[in-house]
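Novice: Take a look at input24.cif, mmCIF, C-alpha atoms:
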data_my_file
loop_
_atom_site.label_atom_id
_atom_site.label_comp_id
_atom_site.auth_asym_id
_atom_site.auth_seq_id
_atom_site.Cartn_x
_atom_site.Cartn_y
_atom_site.Cartn_z
CA LEU S 1 199.28 106.42 132.37
CA GLY S 2 198.86 107.37 136.04
CA SER S 3 199.63 104.42 138.30
CA HIS S 4 201.24 102.59 135.37
CA GLY S 5 203.95 105.20 134.78
CA SER S 6 204.72 107.81 132.15
CA PHE S 7 206.40 108.38 128.81
CA LEU S 8 208.46 111.36 127.70
CA GLY S 9 209.93 111.75 124.27
CA ASN S 10 210.99 113.89 121.36
CA THR S 11 211.93 113.14 117.77
CA ALA S 12 215.24 111.56 118.83
CA GLU S 13 214.34 109.47 121.89
CA VAL S 14 211.49 108.11 124.00
CA TRP S 15 211.71 107.13 127.68
CA PHE S 16 209.32 105.25 129.98
CA ALA S 17 209.28 105.40 133.77
CA PRO S 18 207.10 102.92 135.66
CA ALA S 19 205.26 104.49 138.58
CA LEU S 20 207.03 104.04 141.90
CA LYS S 21 205.40 101.50 144.20
CA ILE S 22 204.76 103.58 147.30
CA PRO S 23 201.85 103.91 149.72
CA VAL S 24 199.33 106.35 148.26
CA ALA S 25 197.80 108.91 150.61
CA SER S 26 196.13 111.06 147.94
CA THR S 27 196.36 111.40 144.16
CA VAL S 28 195.26 115.04 144.28
CA GLY S 29 197.96 117.16 142.65
CA ALA S 30 200.05 114.28 141.30
CA GLY S 31 199.82 115.54 137.72
CA ASP S 32 200.63 119.07 138.79
CA ALA S 33 203.68 117.82 140.70
CA PHE S 34 204.78 115.82 137.65
CA VAL S 35 204.56 118.89 135.41
CA ALA S 36 206.35 121.03 138.02
CA GLY S 37 209.20 118.50 138.19
CA LEU S 38 209.41 118.45 134.42
CA ILE S 39 209.56 122.25 134.22
CA VAL S 40 212.24 122.49 136.91
CA ALA S 41 214.35 119.85 135.18
CA GLN S 42 214.04 121.46 131.77
CA ALA S 43 214.80 124.92 133.22
CA ASN S 44 218.00 123.40 134.62
CA ASN S 45 218.95 121.89 131.23
CA GLU S 46 218.44 118.30 132.35
CA SER S 47 218.43 115.58 129.73
CA LEU S 48 215.11 114.11 128.62
CA SER S 49 215.66 111.05 130.79
CA GLY S 50 216.73 113.18 133.76
CA SER S 51 213.64 115.33 133.33
CA LEU S 52 211.37 112.28 133.34
CA ALA S 53 213.11 110.93 136.44
CA LEU S 54 212.64 114.19 138.35
CA ALA S 55 209.02 114.50 137.23
CA THR S 56 208.31 110.90 138.28
CA ALA S 57 209.90 111.43 141.70
CA ALA S 58 207.93 114.65 142.21
CA ALA S 59 204.65 112.94 141.35
CA ALA S 60 205.46 110.03 143.68
CA ALA S 61 206.32 112.43 146.50
CA SER S 62 202.98 114.14 145.90
CA VAL S 63 200.88 110.98 146.17
CA ALA S 64 202.64 110.04 149.39
CA MET S 65 201.38 113.26 151.02
CA PRO S 66 197.84 113.50 152.38
CA GLY S 67 195.53 115.99 150.70
CA THR S 68 197.19 118.90 149.01
CA GLN S 69 200.29 119.27 151.16
CA ALA S 70 203.29 120.75 149.38
CA VAL S 71 205.99 118.38 148.18
CA THR S 72 209.43 119.00 149.66
CA SER S 73 212.65 118.87 147.69
CA ASP S 74 214.01 116.39 150.25
CA ALA S 75 211.13 114.00 149.56
CA VAL S 76 211.74 114.27 145.81
CA LYS S 77 215.49 113.70 146.21
CA GLU S 78 214.85 110.62 148.35
CA LEU S 79 212.60 109.08 145.69
CA LEU S 80 214.75 110.11 142.72
CA SER S 81 217.19 107.23 143.25
CA LYS S 82 214.29 104.76 143.08
CA VAL S 83 213.12 105.84 139.62
CA VAL S 84 213.81 103.27 136.91
CA LEU S 85 213.98 104.47 133.33
CA GLU S 86 213.54 102.39 130.19
CA LYS S 87 214.67 103.72 126.84
CA TRP S 88 212.12 102.85 124.16
CA ARG S 89 213.77 104.60 121.24
#
Reformat the file's structure so that it appears as structure tokens.
Specialist:
Amino acid sequence: LGSHGSFLGNTAEVWFAPALKIPVASTVGAGDAFVAGLIVAQANNESLSGSLALATAAAAASVAMPGTQAVTSDAVKELLSKVVLEKWR
């Protein structure tokens, strides 16, 4: 969904996270950052909702950076509290 947000679900639950409203410097690597956040969360046994929140924050941190600069964990942590999750099922 890109700038509209993202869904994450399994057979038991489905979550939606609207994209964070932040200034966009570059969208290059946003999807990669999202997947990286998802992998890190799942590797750390996060819940489905927690995984979506971390992935969303990582993607937002990525678009705030110009070009292909690496996302920092501090930037992700700062944005994590701003992620809003909606349970769809």
Novice: Need to verify the contact set: Val84 in chain S, 12 Å, only C-alpha atoms, exclusion of same-chain residues closer than 2 positions in sequence. Can you return it as a VMD selection string?
Specialist: chain S and resid 5 to 6 15 to 21 49 to 50 52 to 54 56 to 57 79 to 82 86 to 87
Novice: Deliver the residues from the most recent selection as a file, using C-alpha atoms, as a PDB file, in the coordinates of the input.
Specialist:
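Result written to again39.pdb:
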ATOM      1  CA  GLY S   5     203.950 105.200 134.780  1.00  0.00           C
ATOM      2  CA  SER S   6     204.720 107.810 132.150  1.00  0.00           C
ATOM      3  CA  TRP S  15     211.710 107.130 127.680  1.00  0.00           C
ATOM      4  CA  PHE S  16     209.320 105.250 129.980  1.00  0.00           C
ATOM      5  CA  ALA S  17     209.280 105.400 133.770  1.00  0.00           C
ATOM      6  CA  PRO S  18     207.100 102.920 135.660  1.00  0.00           C
ATOM      7  CA  ALA S  19     205.260 104.490 138.580  1.00  0.00           C
ATOM      8  CA  LEU S  20     207.030 104.040 141.900  1.00  0.00           C
ATOM      9  CA  LYS S  21     205.400 101.500 144.200  1.00  0.00           C
ATOM     10  CA  SER S  49     215.660 111.050 130.790  1.00  0.00           C
ATOM     11  CA  GLY S  50     216.730 113.180 133.760  1.00  0.00           C
ATOM     12  CA  LEU S  52     211.370 112.280 133.340  1.00  0.00           C
ATOM     13  CA  ALA S  53     213.110 110.930 136.440  1.00  0.00           C
ATOM     14  CA  LEU S  54     212.640 114.190 138.350  1.00  0.00           C
ATOM     15  CA  THR S  56     208.310 110.900 138.280  1.00  0.00           C
ATOM     16  CA  ALA S  57     209.900 111.430 141.700  1.00  0.00           C
ATOM     17  CA  LEU S  79     212.600 109.080 145.690  1.00  0.00           C
ATOM     18  CA  LEU S  80     214.750 110.110 142.720  1.00  0.00           C
ATOM     19  CA  SER S  81     217.190 107.230 143.250  1.00  0.00           C
ATOM     20  CA  LYS S  82     214.290 104.760 143.080  1.00  0.00           C
ATOM     21  CA  GLU S  86     213.540 102.390 130.190  1.00  0.00           C
ATOM     22  CA  LYS S  87     214.670 103.720 126.840  1.00  0.00           C
TER      23      LYS S  87
END
Novice: Would you please work out which residue, of S:Leu85, S:Ala75, S:Ala30, S:Ile39, is nearest to Val14 in chain S when using only C-alpha atoms?
Specialist: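 Of S:Leu85, S:Ala75, S:Ala30, S:Ile39, the one nearest Val14 in chain S is S:Leu85, counting only C-alpha atoms.
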Novice: Compute the distance from (212.6, 113.2, 122.2) to each atom, counting all atoms listed in the file, keep the residues with any atom at most 10 Å away, and return them as a list of chain:residue names; use the coordinates of the file.
Specialist: S:Leu8, S:Gly9, S:Asn10, S:Thr11, S:Ala12, S:Glu13, S:Val14, S:Trp15, S:Ser47, S:Leu48, S:Ser49, S:Arg89
Novice: Include C-alpha atoms and write out the residues we just selected as an mmCIF file, in the coordinates of the input.
Specialist:
data_model
loop_
_atom_site.group_PDB
_atom_site.id
_atom_site.type_symbol
_atom_site.label_atom_id
_atom_site.label_comp_id
_atom_site.auth_asym_id
_atom_site.auth_seq_id
_atom_site.Cartn_x
_atom_site.Cartn_y
_atom_site.Cartn_z
ATOM 1 C CA LEU S 8 208.460 111.360 127.700
ATOM 2 C CA GLY S 9 209.930 111.750 124.270
ATOM 3 C CA ASN S 10 210.990 113.890 121.360
ATOM 4 C CA THR S 11 211.930 113.140 117.770
ATOM 5 C CA ALA S 12 215.240 111.560 118.830
ATOM 6 C CA GLU S 13 214.340 109.470 121.890
ATOM 7 C CA VAL S 14 211.490 108.110 124.000
ATOM 8 C CA TRP S 15 211.710 107.130 127.680
ATOM 9 C CA SER S 47 218.430 115.580 129.730
ATOM 10 C CA LEU S 48 215.110 114.110 128.620
ATOM 11 C CA SER S 49 215.660 111.050 130.790
ATOM 12 C CA ARG S 89 213.770 104.600 121.240
#
Novice: How many Å lie between CA of Ala59 in chain S and CA of Asp32 in chain S, rounded to one decimal?
Specialist: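 Computed distance, CA of Ala59 in chain S to CA of Asp32 in chain S, equals 7.8 Å.
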Novice: One decimal, Å: what's the distance from CA of Thr27 in chain S over to CA of Ser51 in chain S, could you say?
Specialist: 20.8 Å
Novice: Which is closer to Gly2 in chain S than all the others in S:Val71, S:Val40, S:Ala60, S:Val76, using all atoms listed in the file?
Specialist: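 Distance minimum relative to Gly2 in chain S lands on S:Ala60.
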Novice: Residues of range 15-43 of chain S that have any atom at most 7 Å from an atom of range 64-70 of chain S: could you tabulate them with the shortest-distance atom pair and the distance in Å to one decimal, using all atoms listed in the file, ordered by chain and increasing number, as CSV?
Specialist:
residue,atom,partner,partner_atom,distance
S:Pro23,CA,S:Ala64,CA,6.2
S:Val24,CA,S:Ala64,CA,5.1
S:Ala25,CA,S:Pro66,CA,4.9
S:Ser26,CA,S:Pro66,CA,5.3
S:Val28,CA,S:Thr68,CA,6.4
S:Gly29,CA,S:Thr68,CA,6.6
Novice: Any idea what the distance is between CA of Phe34 in chain S and CA of Ser3 in chain S?
Specialist: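 It comes out at 12.5 Å.
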Novice: Enclose the full set of atoms of range 34-51 of chain S listed in the file within a box whose edges lie along x, y and z, apply 4 Å of padding to each of the six sides, and report centre and edge lengths in Å to one decimal as JSON.
Specialist:
{"center_x": 211.8, "center_y": 118.0, "center_z": 133.4, "size_x": 22.4, "size_y": 21.9, "size_z": 17.6}
